[in-house]
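J.: Got a file for you: work_17.txt, compact mmCIF, C-alpha atoms.
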```
# COMPACT_ATOMS: atom_id res chain seq x y z
CA MET A 743 0.00 0.00 0.00
CA SER A 744 1.32 3.44 -0.85
CA ILE A 745 -0.18 6.82 -0.04
CA HIS A 746 1.69 9.88 -1.24
CA ARG A 747 0.91 13.40 -2.26
CA THR A 748 3.40 15.74 -3.88
CA THR A 749 3.35 19.38 -2.77
CA HIS A 750 5.59 22.46 -2.74
CA ARG A 751 7.33 24.31 0.07
CA ARG A 752 6.77 27.91 1.12
CA ARG A 753 7.97 29.83 4.18
CA ARG A 754 6.54 32.61 6.33
CA LEU A 755 6.53 33.50 10.01
CA VAL A 756 3.44 32.55 12.00
CA ALA A 757 2.18 33.40 15.44
CA PRO A 758 1.61 30.03 17.07
CA LEU A 759 -1.49 30.66 19.15
CA VAL A 760 -3.31 32.52 16.38
CA ALA A 761 -2.33 29.81 13.93
CA ALA A 762 -3.44 27.12 16.33
CA THR A 763 -6.97 28.50 16.31
CA SER A 764 -7.33 29.37 12.64
CA LEU A 765 -5.69 26.22 11.34
CA ALA A 766 -7.76 24.04 13.62
CA LEU A 767 -10.95 25.56 12.24
CA ALA A 768 -9.70 25.23 8.69
CA LEU A 769 -8.72 21.63 9.32
CA SER A 770 -12.16 20.74 10.60
CA ALA A 771 -13.85 22.52 7.74
CA CYS A 772 -11.91 20.32 5.34
CA GLY A 773 -13.34 17.31 7.14
CA SER A 774 -11.81 14.20 8.64
CA ASP A 775 -14.65 11.68 8.66
CA ASP A 776 -12.49 8.72 9.64
CA GLU A 777 -10.75 10.56 12.49
CA GLY A 778 -13.76 12.12 14.17
CA VAL A 779 -12.04 15.24 15.55
CA SER A 780 -14.35 18.26 15.73
CA ALA A 781 -13.31 21.87 15.19
CA GLU A 782 -13.46 22.51 18.92
CA ASP A 783 -11.42 19.38 19.67
CA ALA A 784 -8.72 20.36 17.19
CA LYS A 785 -8.62 23.90 18.53
CA ASP A 786 -8.37 22.76 22.14
CA GLN A 787 -5.73 20.14 21.41
CA ALA A 788 -3.62 22.61 19.42
CA ALA A 789 -3.71 25.27 22.12
CA ASP A 790 -2.90 22.68 24.80
CA LEU A 791 -0.08 21.28 22.70
CA VAL A 792 1.62 24.63 22.25
CA GLY A 793 1.53 25.15 26.02
CA ILE A 794 2.67 21.63 26.92
CA LEU A 795 5.65 21.86 24.56
CA GLY A 796 6.49 25.42 25.64
CA LEU A 797 6.23 26.84 22.12
CA GLU A 798 4.32 30.05 22.91
CA ASP A 799 7.31 32.24 22.07
CA THR A 800 8.62 30.23 19.13
CA ALA A 801 8.69 32.52 16.10
CA ASP A 802 8.56 29.91 13.34
CA LEU A 803 6.79 26.62 13.86
CA GLY A 804 7.07 25.71 10.18
CA GLY A 805 3.47 26.54 9.28
CA ASP A 806 4.42 27.58 5.76
CA LEU A 807 6.11 24.25 5.01
CA THR A 808 4.89 21.04 3.46
CA TRP A 809 7.19 18.22 4.55
CA ASP A 810 7.28 14.59 3.43
CA LEU A 811 7.49 11.69 5.87
CA GLY A 812 7.67 7.98 5.08
CA ALA A 813 6.15 5.23 7.21
CA THR A 814 7.12 1.58 6.67
CA LEU A 815 4.64 -0.53 8.62
CA THR A 816 3.59 -4.19 8.93
CA LEU A 817 0.07 -3.55 7.68
CA SER A 818 -0.45 -7.17 6.64
CA GLY A 819 0.39 -10.23 8.70
CA PRO A 820 0.07 -10.99 12.43
CA THR A 821 0.97 -7.48 13.65
CA ALA A 822 -1.21 -5.59 11.15
CA GLY A 823 -3.46 -4.27 13.92
CA ASN A 824 -0.50 -2.84 15.81
CA SER A 825 0.84 -1.10 12.73
CA LYS A 826 -2.64 0.29 12.06
CA ALA A 827 -2.48 1.78 15.56
CA MET A 828 0.87 3.32 14.61
CA GLN A 829 -0.66 4.78 11.44
CA ASN A 830 -3.57 6.20 13.46
CA ALA A 831 -1.17 7.81 15.92
CA ILE A 832 0.92 9.28 13.11
CA ASP A 833 -2.20 10.75 11.51
CA LEU A 834 -3.31 12.19 14.85
CA ALA A 835 0.06 13.82 15.50
CA VAL A 836 0.18 15.21 11.96
CA GLU A 837 -3.27 16.74 12.45
CA GLN A 838 -2.40 18.25 15.84
CA ILE A 839 0.89 19.69 14.59
CA LYS A 840 -0.77 21.39 11.64
CA ALA A 841 -3.51 22.77 13.89
CA ALA A 842 -0.85 24.10 16.28
CA GLY A 843 0.78 26.14 13.52
CA GLY A 844 3.29 23.56 12.36
CA PRO A 845 4.01 22.19 8.89
CA SER A 846 1.68 20.18 6.68
CA ILE A 847 3.23 16.72 6.96
CA GLU A 848 2.43 14.47 4.01
CA VAL A 849 2.81 10.81 4.95
CA SER A 850 3.78 8.13 2.42
CA VAL A 851 2.79 4.77 3.94
CA LYS A 852 4.33 1.48 2.78
CA ASP A 853 3.24 -2.01 3.81
CA ILE A 854 6.25 -4.26 4.51
CA GLY A 855 4.29 -7.42 5.30
CA ALA A 856 5.06 -9.48 8.41
CA PRO A 857 7.80 -8.14 7.63
CA ASP A 858 8.63 -9.65 4.28
CA PRO A 859 12.14 -8.86 2.92
CA VAL A 860 10.86 -8.42 -0.65
CA LYS A 861 8.11 -6.01 0.40
CA ALA A 862 10.52 -4.19 2.71
CA LYS A 863 13.08 -3.78 -0.09
CA GLN A 864 10.37 -2.48 -2.44
CA ALA A 865 9.13 -0.06 0.22
CA ILE A 866 12.52 1.53 0.87
CA GLU A 867 13.24 1.83 -2.85
CA GLU A 868 9.91 3.58 -3.39
CA LEU A 869 10.60 6.00 -0.55
CA GLY A 870 14.07 6.62 -1.95
CA ALA A 871 12.59 7.41 -5.35
CA GLU A 872 10.07 9.75 -3.72
CA GLY A 873 12.89 11.58 -1.98
CA VAL A 874 11.44 11.55 1.52
CA PRO A 875 13.99 12.91 4.02
CA ALA A 876 12.74 10.84 6.94
CA LYS A 877 10.64 7.86 7.94
CA ILE A 878 9.03 6.12 10.89
CA THR A 879 9.61 2.38 10.80
CA THR A 880 9.13 -0.87 12.67
CA MET A 881 10.76 -4.27 13.36
CA GLY A 882 14.39 -3.11 13.31
CA ASP A 883 13.75 -1.60 9.88
CA GLY A 884 11.98 -4.65 8.57
CA LEU A 885 14.34 -7.06 10.40
CA GLY A 886 17.31 -5.53 8.64
CA ALA A 887 16.04 -5.63 5.06
CA MET A 888 15.87 -1.83 4.70
CA LEU A 889 19.00 -0.83 6.63
CA ALA A 890 21.46 -0.61 3.72
CA ASP A 891 19.07 1.43 1.57
CA THR A 892 18.16 3.64 4.53
CA ASP A 893 21.76 4.85 4.37
CA LYS A 894 21.92 4.72 0.58
CA TYR A 895 18.99 7.10 0.26
CA ARG A 896 19.90 9.01 3.45
CA ILE A 897 16.45 8.67 4.99
CA LEU A 898 16.59 9.68 8.66
CA THR A 899 14.77 6.83 10.42
CA LEU A 900 13.21 6.39 13.85
CA ASP A 901 12.17 2.91 15.01
CA GLY A 902 9.92 2.83 18.06
CA GLN A 903 8.96 -0.82 17.80
CA GLY A 904 12.15 -2.88 17.46
CA GLY A 905 14.57 -0.21 18.62
CA ALA A 906 18.26 -0.13 17.71
CA GLN A 907 18.88 -3.88 17.65
CA VAL A 908 22.45 -5.19 17.56
CA PHE A 909 22.23 -5.82 13.83
CA THR A 910 21.25 -2.18 13.15
CA ARG A 911 24.51 -0.86 14.56
CA GLY A 912 26.58 0.98 12.00
CA THR A 913 23.55 2.21 10.04
CA GLU A 914 24.22 5.94 9.96
CA TYR A 915 20.66 7.18 9.42
CA PHE A 916 18.86 4.69 11.72
CA TYR A 917 17.94 5.41 15.36
CA GLY A 918 15.89 3.47 17.90
CA THR A 919 13.46 5.40 20.08
CA ARG A 920 12.55 2.67 22.58
CA GLU A 921 14.35 -0.06 24.50
CA VAL A 922 16.21 -2.63 22.47
CA ALA A 923 13.72 -5.44 22.99
CA PRO A 924 14.38 -7.61 24.87
CA ALA A 925 18.06 -6.91 25.54
CA ASP A 926 17.68 -3.57 27.37
CA ALA A 927 14.99 -5.04 29.64
CA VAL A 928 16.84 -8.29 30.46
CA PRO A 929 19.10 -7.02 33.29
CA GLY A 930 16.19 -5.56 35.28
CA ALA A 931 14.02 -8.57 34.50
CA MET A 932 16.71 -10.94 35.77
CA GLN A 933 17.00 -8.94 38.97
CA TRP A 934 13.23 -9.26 39.39
CA VAL A 935 13.47 -13.03 38.82
CA LYS A 936 16.21 -13.32 41.46
CA GLU A 937 14.12 -11.44 44.03
CA ALA A 938 10.59 -12.55 43.20
CA LEU A 939 11.28 -16.13 42.02
CA PRO A 940 14.22 -17.20 44.21
CA ASP A 941 13.94 -20.88 43.19
CA ALA A 942 14.29 -20.10 39.47
CA GLU A 943 17.68 -20.98 38.03
CA THR A 944 17.35 -21.39 34.26
CA VAL A 945 16.11 -19.14 31.44
CA GLY A 946 15.28 -19.97 27.82
CA LEU A 947 13.59 -18.20 24.91
CA ALA A 948 10.88 -18.88 22.35
CA GLY A 949 10.39 -16.26 19.69
CA VAL A 950 10.68 -14.98 16.16
CA ASP A 951 13.19 -16.44 13.72
CA LEU A 952 15.48 -13.71 12.45
CA GLY A 953 17.66 -15.94 10.27
CA PRO A 954 21.31 -14.82 10.32
CA LEU A 955 20.36 -12.06 12.78
CA ASN A 956 19.50 -14.64 15.46
CA GLU A 957 23.06 -15.26 16.60
CA PRO A 958 24.12 -11.72 17.64
CA ILE A 959 20.85 -11.23 19.53
CA ARG A 960 21.16 -14.65 21.17
CA ALA A 961 24.73 -13.90 22.28
CA ASP A 962 23.70 -10.53 23.71
CA VAL A 963 20.69 -11.90 25.61
CA LYS A 964 22.63 -14.94 26.87
CA ALA A 965 25.38 -12.72 28.26
CA LYS A 966 22.84 -10.54 30.08
CA ILE A 967 20.99 -13.55 31.53
CA GLU A 968 24.25 -14.91 32.89
CA ALA A 969 25.37 -11.50 34.16
CA GLY A 970 22.11 -11.46 36.12
CA GLY A 971 23.13 -14.60 37.99
CA LEU A 972 20.93 -17.07 36.10
CA GLU A 973 21.73 -19.83 33.64
CA PHE A 974 20.79 -19.77 29.97
CA ASN A 975 19.71 -23.37 29.44
CA GLY A 976 20.38 -23.37 25.69
CA LEU A 977 16.72 -23.16 24.66
CA TRP A 978 16.33 -20.73 21.74
CA GLU A 979 13.36 -21.94 19.71
CA THR A 980 12.06 -19.74 16.91
CA VAL A 981 9.39 -19.63 14.19
CA SER A 982 8.73 -17.33 11.24
CA PRO A 983 7.31 -13.87 12.11
CA ALA A 984 4.21 -14.82 10.11
CA GLU A 985 3.67 -18.15 11.93
CA THR A 986 0.63 -18.58 14.16
CA ASP A 987 0.92 -22.33 14.86
CA PHE A 988 3.25 -22.90 17.82
CA SER A 989 2.77 -26.66 18.22
CA SER A 990 6.19 -27.77 16.94
CA LEU A 991 7.94 -24.99 18.84
CA ILE A 992 6.19 -25.95 22.08
CA ALA A 993 7.11 -29.60 21.56
CA ASN A 994 10.77 -28.53 21.52
CA VAL A 995 10.29 -26.36 24.61
CA LYS A 996 8.95 -29.38 26.50
CA LYS A 997 12.20 -31.25 25.79
CA ASN A 998 14.26 -28.56 27.54
CA GLU A 999 11.85 -26.60 29.71
CA PRO A 1000 13.46 -23.71 31.64
CA ASP A 1001 12.26 -22.20 34.90
CA VAL A 1002 11.63 -18.88 33.11
CA LEU A 1003 10.68 -18.78 29.44
CA TYR A 1004 11.06 -15.53 27.53
CA VAL A 1005 8.20 -15.16 25.05
CA ALA A 1006 9.77 -13.05 22.32
CA PHE A 1007 6.79 -12.41 20.04
CA GLY A 1008 4.89 -9.23 19.21
CA GLY A 1009 1.29 -8.17 18.81
CA ALA A 1010 -1.28 -10.86 19.54
CA ALA A 1011 1.23 -13.72 19.47
CA PRO A 1012 2.19 -13.71 23.20
CA GLY A 1013 -1.45 -14.42 24.06
CA ALA A 1014 -1.82 -17.17 21.48
CA PHE A 1015 1.46 -18.71 22.62
CA ALA A 1016 0.42 -18.58 26.30
CA ALA A 1017 -2.82 -20.40 25.47
CA ALA A 1018 -0.97 -23.08 23.50
CA ALA A 1019 1.67 -23.45 26.23
CA LYS A 1020 -1.00 -23.95 28.89
CA ALA A 1021 -2.79 -26.55 26.77
CA ALA A 1022 0.52 -28.41 26.32
CA GLY A 1023 1.26 -28.40 30.05
CA ILE A 1024 4.27 -26.04 29.94
CA GLU A 1025 5.14 -25.16 33.56
CA SER A 1026 7.75 -22.45 32.93
CA GLU A 1027 7.06 -18.95 34.21
CA LEU A 1028 6.30 -17.06 30.97
CA LEU A 1029 7.88 -13.63 30.63
CA ALA A 1030 6.80 -11.81 27.47
CA ILE A 1031 8.82 -9.03 25.86
CA GLU A 1032 5.70 -6.99 25.15
CA PHE A 1033 1.99 -6.79 25.87
CA THR A 1034 -0.98 -5.47 23.88
CA PRO A 1035 -4.76 -5.86 24.14
CA GLU A 1036 -4.64 -8.08 21.04
CA ALA A 1037 -2.73 -10.65 23.09
CA VAL A 1038 -5.59 -10.82 25.58
CA THR A 1039 -8.07 -11.57 22.80
CA ALA A 1040 -5.78 -14.17 21.21
CA SER A 1041 -5.36 -16.01 24.51
CA LYS A 1042 -9.09 -16.88 24.59
CA GLY A 1043 -9.38 -16.19 28.30
CA VAL A 1044 -6.04 -17.62 29.44
CA LEU A 1045 -4.43 -14.27 30.21
CA ASP A 1046 -7.44 -13.05 32.15
CA LYS A 1047 -7.50 -16.23 34.23
CA ASP A 1048 -3.83 -17.09 34.65
CA GLY A 1049 -2.15 -13.78 33.92
CA LEU A 1050 0.96 -12.96 31.88
CA LYS A 1051 4.11 -11.25 33.12
CA PHE A 1052 6.06 -9.05 30.73
CA SER A 1053 9.15 -6.84 30.84
CA MET A 1054 9.31 -3.78 28.61
CA ASP A 1055 8.91 0.00 28.37
CA TYR A 1056 5.15 -0.28 28.85
CA PHE A 1057 2.85 2.63 27.99
CA ASP A 1058 0.01 2.72 30.52
CA ALA A 1059 -2.90 4.35 28.71
CA GLU A 1060 -5.07 3.87 31.79
CA ASN A 1061 -2.77 6.11 33.81
CA PRO A 1062 -0.96 8.58 31.54
CA GLY A 1063 1.77 10.09 33.64
CA ASN A 1064 2.33 13.51 32.06
CA PRO A 1065 0.36 16.20 30.19
CA LEU A 1066 1.53 15.15 26.71
CA ALA A 1067 0.57 11.54 27.42
CA ASP A 1068 -2.79 12.68 28.79
CA LEU A 1069 -3.46 14.79 25.69
CA PHE A 1070 -2.45 11.88 23.45
CA VAL A 1071 -4.61 9.27 25.18
CA GLY A 1072 -7.68 11.49 25.27
CA ALA A 1073 -7.35 12.60 21.65
CA TYR A 1074 -6.56 9.10 20.37
CA GLU A 1075 -9.49 7.52 22.18
CA LYS A 1076 -11.85 10.22 20.96
CA ALA A 1077 -10.64 9.87 17.37
CA TYR A 1078 -10.41 6.08 17.12
CA GLY A 1079 -12.65 4.70 19.87
CA ALA A 1080 -9.93 2.77 21.74
CA LYS A 1081 -7.05 3.51 24.06
CA PRO A 1082 -3.62 3.51 22.40
CA ASP A 1083 -1.00 0.80 22.93
CA PHE A 1084 2.77 1.30 23.02
CA TYR A 1085 3.01 0.91 19.24
CA ALA A 1086 0.79 3.98 18.86
CA ALA A 1087 2.45 5.90 21.70
CA ASN A 1088 5.93 5.48 20.24
CA ALA A 1089 4.89 6.46 16.71
CA TYR A 1090 3.07 9.51 18.11
CA GLU A 1091 6.11 10.88 19.92
CA GLU A 1092 8.33 10.18 16.92
CA VAL A 1093 6.28 12.59 14.79
CA PHE A 1094 6.86 15.26 17.42
CA ALA A 1095 10.58 14.47 17.42
CA PHE A 1096 10.66 15.13 13.69
CA TRP A 1097 8.73 18.38 14.17
CA GLN A 1098 11.35 19.50 16.67
CA LEU A 1099 14.12 18.72 14.19
CA ILE A 1100 12.28 20.68 11.49
CA ARG A 1101 12.02 23.71 13.79
CA GLU A 1102 15.68 23.52 14.74
CA VAL A 1103 16.84 23.29 11.13
CA VAL A 1104 14.57 26.20 10.14
CA ALA A 1105 15.82 28.28 13.08
CA ASP A 1106 19.38 27.78 11.81
CA GLY A 1107 18.38 28.94 8.34
CA GLY A 1108 18.62 25.43 6.90
CA ASP A 1109 16.50 23.19 4.70
CA PRO A 1110 14.35 20.60 6.57
CA ASP A 1111 14.02 18.60 3.35
CA ASP A 1112 17.73 17.81 3.68
CA SER A 1113 18.07 14.68 5.80
CA ALA A 1114 21.71 15.41 6.56
CA GLN A 1115 20.66 18.66 8.23
CA LEU A 1116 17.94 16.86 10.19
CA LYS A 1117 20.48 14.27 11.32
CA ALA A 1118 22.92 16.98 12.38
CA ALA A 1119 20.15 18.62 14.41
CA LEU A 1120 19.40 15.29 16.10
CA GLU A 1121 23.04 14.76 17.01
CA ALA A 1122 23.34 18.32 18.33
CA ASN A 1123 20.23 18.02 20.50
CA PRO A 1124 19.03 14.40 20.85
CA VAL A 1125 16.43 15.18 23.53
CA PHE A 1126 12.71 15.20 22.70
CA PRO A 1127 9.38 15.41 24.55
CA SER A 1128 7.94 12.02 25.48
CA VAL A 1129 4.68 10.45 26.60
CA TYR A 1130 6.79 8.28 28.95
CA GLY A 1131 8.03 9.50 32.32
CA GLY A 1132 7.71 13.14 33.37
CA ASP A 1133 5.14 14.21 35.92
CA GLU A 1134 1.71 15.78 36.11
CA SER A 1135 2.99 19.13 34.86
CA THR A 1136 5.95 18.20 32.63
CA PRO A 1137 6.29 15.87 29.61
CA GLY A 1138 8.76 13.04 29.84
CA THR A 1139 12.05 12.99 27.95
CA LEU A 1140 13.15 10.82 25.06
CA GLU A 1141 16.93 10.99 24.83
CA ILE A 1142 18.87 9.26 22.06
CA ASP A 1143 22.54 8.38 22.47
CA PRO A 1144 24.31 9.63 19.31
CA GLU A 1145 26.96 6.93 19.70
CA THR A 1146 24.73 3.85 20.09
CA HIS A 1147 21.77 5.31 18.13
CA SER A 1148 19.57 3.88 20.91
CA VAL A 1149 17.80 5.42 23.89
CA ALA A 1150 20.12 6.73 26.58
CA ARG A 1151 17.46 5.98 29.19
CA ARG A 1152 13.90 4.70 29.15
CA PRO A 1153 11.40 3.97 31.95
CA MET A 1154 10.58 0.25 31.94
CA GLY A 1155 9.70 -2.55 34.30
CA VAL A 1156 8.19 -5.95 34.93
CA TYR A 1157 4.40 -6.02 34.84
CA GLU A 1158 1.59 -8.53 35.05
CA TYR A 1159 -1.68 -8.50 33.16
CA LYS A 1160 -4.51 -10.44 34.82
CA ALA A 1161 -8.30 -10.13 34.87
CA GLY A 1162 -8.35 -6.89 32.89
CA LYS A 1163 -5.71 -5.08 34.93
CA VAL A 1164 -1.98 -4.40 34.56
CA THR A 1165 0.01 -4.37 37.81
CA THR A 1166 3.56 -3.05 38.15
CA LEU A 1167 5.89 -5.58 39.79
CA ALA A 1168 9.20 -3.73 39.38
CA THR A 1169 10.55 -0.58 37.78
CA TYR A 1170 13.97 0.18 36.33
CA ASP A 1171 15.80 1.84 33.46
CA VAL A 1172 18.04 0.62 30.64
CA GLY A 1173 20.44 -2.02 31.87
CA GLY A 1174 18.53 -2.47 35.15
CA ALA A 1175 19.53 0.95 36.48
CA ASP A 1176 17.48 2.31 39.40
CA PHE A 1177 15.80 -1.06 39.97
CA GLN A 1178 12.96 -1.05 42.48
CA LEU A 1179 10.74 -3.96 43.47
CA VAL A 1180 7.12 -2.85 43.84
CA ASP A 1181 5.26 -4.32 46.83
```
Reformat the file's structure so that it appears as structure tokens.

T.:
Amino acid sequence: MSIHRTTHRRRRLVAPLVAATSLALALSACGSDDEGVSAEDAKDQAADLVGILGLEDTADLGGDLTWDLGATLTLSGPTAGNSKAMQNAIDLAVEQIKAAGGPSIEVSVKDIGAPDPVKAKQAIEELGAEGVPAKITTMGDGLGAMLADTDKYRILTLDGQGGAQVFTRGTEYFYGTREVAPADAVPGAMQWVKEALPDAETVGLAGVDLGPLNEPIRADVKAKIEAGGLEFNGLWETVSPAETDFSSLIANVKKNEPDVLYVAFGGAAPGAFAAAAKAAGIESELLAIEFTPEAVTASKGVLDKDGLKFSMDYFDAENPGNPLADLFVGAYEKAYGAKPDFYAANAYEEVFAFWQLIREVVADGGDPDDSAQLKAALEANPVFPSVYGGDESTPGTLEIDPETHSVARRPMGVYEYKAGKVTTLATYDVGGADFQLVD
């Protein structure tokens, strides 16, 4: 799927609060039947956004610009629903930014399958031909298939789903905006296991087959398990990202069952796997690397009854912890009729990161259509507003390490979903820093 509109750039100075009102009304007049945001909603969100981001005195928000953004998403396959949530969040952010006096962001969306390497390669070549300076992506840039061309076409890329996995290192224009899943969460998770499950000794993993990329991730995770004082029992069973039948995988797990089993699947798959594992009599403590409402549905009641523990940088839409998160959750739910998951939350804040880079390049008299200038702005100031962390009056902070191209810090923890509720069991940061067990 491809959606792209070609436009032309102009520049003028705008007054942000005046623009927020007038553009919101104009936006609503144009209509957005599938998004359901009224003129008053757009106006209120825009005015709130300017205040939350502290942009009242910013001379040029980019309102005279039209700027192209790519989005490579898994819109077909098992995680299609999660990528649709990402697309919704991108659209919402684009709408809010325009209403707040920012640029018109034209989004070119590409479907990369489950991901499928052929579709991913086609997607990046199409974006390269279109000349987009930046893109939002997923799955470690399509499990590595787009990385070389991301640099070839110099498309500044933010990945808020897979993060900056080991195999992405060295890609100049690629940056992760969330934890490297599961590696960044492993140290804190192992500390939780040591304290909460003192009889547990061995850890294994069942997850997605990444082909030649398996080995570096396996080595990294194994080292972190062992550094946490537990034993990796050698279990590393994988299936294709598109696979939904876990019977053969579970049969292999039963031959070498660990005390703690990492469930390294995304989207609905952790729930489906948990249901299959229970039916097969697996007794390991399951520890998923992510959690979404789709997993609850796929478990057919198992997660509600038995629960599922997971370790990740979880976005709690039930309890947004800062004003930007609160604005996002309320606007997303009003527009799309459901609370956002972490896929949506991460894509949302990435659009705002790009808007910040646009403003910084414009303020320096540069060209925001030049990805090299956007990249230089990111390296000069790799700190962006976030829907994670912060407090009731201040947005959180997304900080990217220019050396690792990953997050410098990220609030995360161990959680448990059960009977419709998520409970926090432990909190920590990247590498297990600031670990705290929650009573």

J.: Neighbours of range 990-992 of chain A within 12 Å (all atoms listed in the file; same-chain residues fewer than 6 positions away dropped), as a list in words?

T.: Leu947, Ala948, Gly949, Val950, Asp951, Leu977, Trp978, Glu979, Thr980, Val981, Ser982, Asn998, Glu999, Leu1003, Val1005, Ala1014, Phe1015, Ala1016, Ala1017, Ala1018, Ala1019, Lys1020, Ala1021, Ala1022, Gly1023, Ile1024, Glu1025 and Ser1026 of chain A

J.: Report, in Å to a single decimal, how far apart CA of Asn830 in chain A and CA of Tyr1074 in chain A are.

T.: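 CA of Asn830 in chain A lies 8.1 Å from CA of Tyr1074 in chain A.
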
J.: Using all atoms listed in the file, which protein or nucleic acid residues come within 12 Å of Thr1169 in chain A? Drop anything in the same chain fewer than 3 positions from it, and give the result as a PyMOL selection string.

T.: chain A and resi 927+929-931+933-934+1052-1056+1131+1152-1157+1165-1166+1172-1181

J.: Return the single residue from A:Asp783, A:Asp1001, A:Asp853, A:Asp893 that is closest to Val935 in chain A, with distances computed using all atoms listed in the file.

T.: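 Nearest to Val935 in chain A: A:Asp1001.
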
J.: Taking only residues of range 904-1005 of chain A that have an atom at most 12 Å from an atom of range 860-879 of chain A, what is each one's shortest atom pair and its distance in Å to one decimal, using all atoms listed in the file, in chain and number order, as JSON lines?

T.:
```
{"residue": "A:Gly904", "atom": "CA", "partner": "A:Thr879", "partner_atom": "CA", "distance": 8.9}
{"residue": "A:Gly905", "atom": "CA", "partner": "A:Thr879", "partner_atom": "CA", "distance": 9.6}
{"residue": "A:Ala906", "atom": "CA", "partner": "A:Thr879", "partner_atom": "CA", "distance": 11.4}
{"residue": "A:Tyr915", "atom": "CA", "partner": "A:Ala876", "partner_atom": "CA", "distance": 9.1}
{"residue": "A:Phe916", "atom": "CA", "partner": "A:Thr879", "partner_atom": "CA", "distance": 9.6}
{"residue": "A:Tyr917", "atom": "CA", "partner": "A:Thr879", "partner_atom": "CA", "distance": 10.0}
{"residue": "A:Gly918", "atom": "CA", "partner": "A:Thr879", "partner_atom": "CA", "distance": 9.5}
{"residue": "A:Thr919", "atom": "CA", "partner": "A:Ile878", "partner_atom": "CA", "distance": 10.2}
```

J.: Could the residues of range 955-1073 of chain A that have an atom at most 10 Å from range 1086-1097 of chain A be listed as JSON lines, each with its closest atom pair and the distance in Å to one decimal, counting all atoms listed in the file and ordered by chain and ascending residue number?

T.:
```
{"residue": "A:Tyr1056", "atom": "CA", "partner": "A:Ala1087", "partner_atom": "CA", "distance": 9.8}
{"residue": "A:Phe1057", "atom": "CA", "partner": "A:Ala1087", "partner_atom": "CA", "distance": 7.1}
{"residue": "A:Asp1058", "atom": "CA", "partner": "A:Ala1087", "partner_atom": "CA", "distance": 9.7}
{"residue": "A:Ala1059", "atom": "CA", "partner": "A:Ala1087", "partner_atom": "CA", "distance": 9.0}
{"residue": "A:Leu1066", "atom": "CA", "partner": "A:Glu1091", "partner_atom": "CA", "distance": 9.2}
{"residue": "A:Ala1067", "atom": "CA", "partner": "A:Ala1087", "partner_atom": "CA", "distance": 8.2}
{"residue": "A:Phe1070", "atom": "CA", "partner": "A:Ala1087", "partner_atom": "CA", "distance": 7.9}
{"residue": "A:Val1071", "atom": "CA", "partner": "A:Ala1087", "partner_atom": "CA", "distance": 8.6}
```

J.: Could you check which of A:Gly1132, A:Gly882, A:Pro954, A:Pro1000 is closest to Val922 in chain A, using all atoms listed in the file?

T.: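 The answer is A:Gly882, which sits nearest to Val922 in chain A.
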
J.: Set the distance at 7 Å and use only C-alpha atoms: which residues neighbour range 1108-1118 of chain A once local chain neighbours fewer than 6 positions away are removed? I'd like the list as a compact mmCIF listing (two decimals) with C-alpha atoms, in the frame of the given file.

T.:
```
# COMPACT_ATOMS: atom_id res chain seq x y z
CA TRP A 809 7.19 18.22 4.55
CA PRO A 875 13.99 12.91 4.02
CA ALA A 876 12.74 10.84 6.94
CA ARG A 896 19.90 9.01 3.45
CA ILE A 897 16.45 8.67 4.99
CA LEU A 898 16.59 9.68 8.66
CA LEU A 1099 14.12 18.72 14.19
CA ILE A 1100 12.28 20.68 11.49
```

J.: Between A:Ala887, A:Ala856, A:Ala1150, A:Ala1037, which has the minimum distance to Gly1009 in chain A (counting only C-alpha atoms)?

T.: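 The shortest atom-to-atom distance to Gly1009 in chain A comes from A:Ala1037.
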
J.: Which residues are near Ala1011 in chain A? Cut-off 9 Å, all atoms listed in the file, ignore same chain within fewer than 4 positions. Put them as JSON, numbers by chain.

T.: {"A": [820, 821, 986, 1007, 1015, 1016, 1036, 1037, 1040, 1041]}

J.: What does the distance from CA of Leu834 in chain A to CA of Pro1082 in chain A come to in Å, to one decimal?

T.: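 A separation of 11.5 Å between them.
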
J.: Record the distance separating CA of Pro1124 in chain A and CA of Glu1145 in chain A, expressed in Å with one decimal.

T.: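 One can read the CA of Pro1124 in chain A to CA of Glu1145 in chain A distance as 11.0 Å.
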
J.: Considering all atoms listed in the file, state which residue in the set A:Glu921, A:Asp1048, A:Glu1102, A:Asp806 is at the smallest distance from Ile1142 in chain A.

T.: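 Closest candidate: A:Glu921.
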
J.: Within 12 Å of (-11.4, 11.0, 25.4), only C-alpha atoms: residues as a compact mmCIF listing (two decimals) with C-alpha atoms, in the frame of the given file?

T.:
```txt
# COMPACT_ATOMS: atom_id res chain seq x y z
CA GLY A 778 -13.76 12.12 14.17
CA VAL A 779 -12.04 15.24 15.55
CA ASP A 783 -11.42 19.38 19.67
CA GLN A 787 -5.73 20.14 21.41
CA ALA A 1059 -2.90 4.35 28.71
CA GLU A 1060 -5.07 3.87 31.79
CA ASP A 1068 -2.79 12.68 28.79
CA LEU A 1069 -3.46 14.79 25.69
CA PHE A 1070 -2.45 11.88 23.45
CA VAL A 1071 -4.61 9.27 25.18
CA GLY A 1072 -7.68 11.49 25.27
CA ALA A 1073 -7.35 12.60 21.65
CA TYR A 1074 -6.56 9.10 20.37
CA GLU A 1075 -9.49 7.52 22.18
CA LYS A 1076 -11.85 10.22 20.96
CA ALA A 1077 -10.64 9.87 17.37
CA TYR A 1078 -10.41 6.08 17.12
CA GLY A 1079 -12.65 4.70 19.87
CA ALA A 1080 -9.93 2.77 21.74
CA LYS A 1081 -7.05 3.51 24.06
CA PRO A 1082 -3.62 3.51 22.40
```
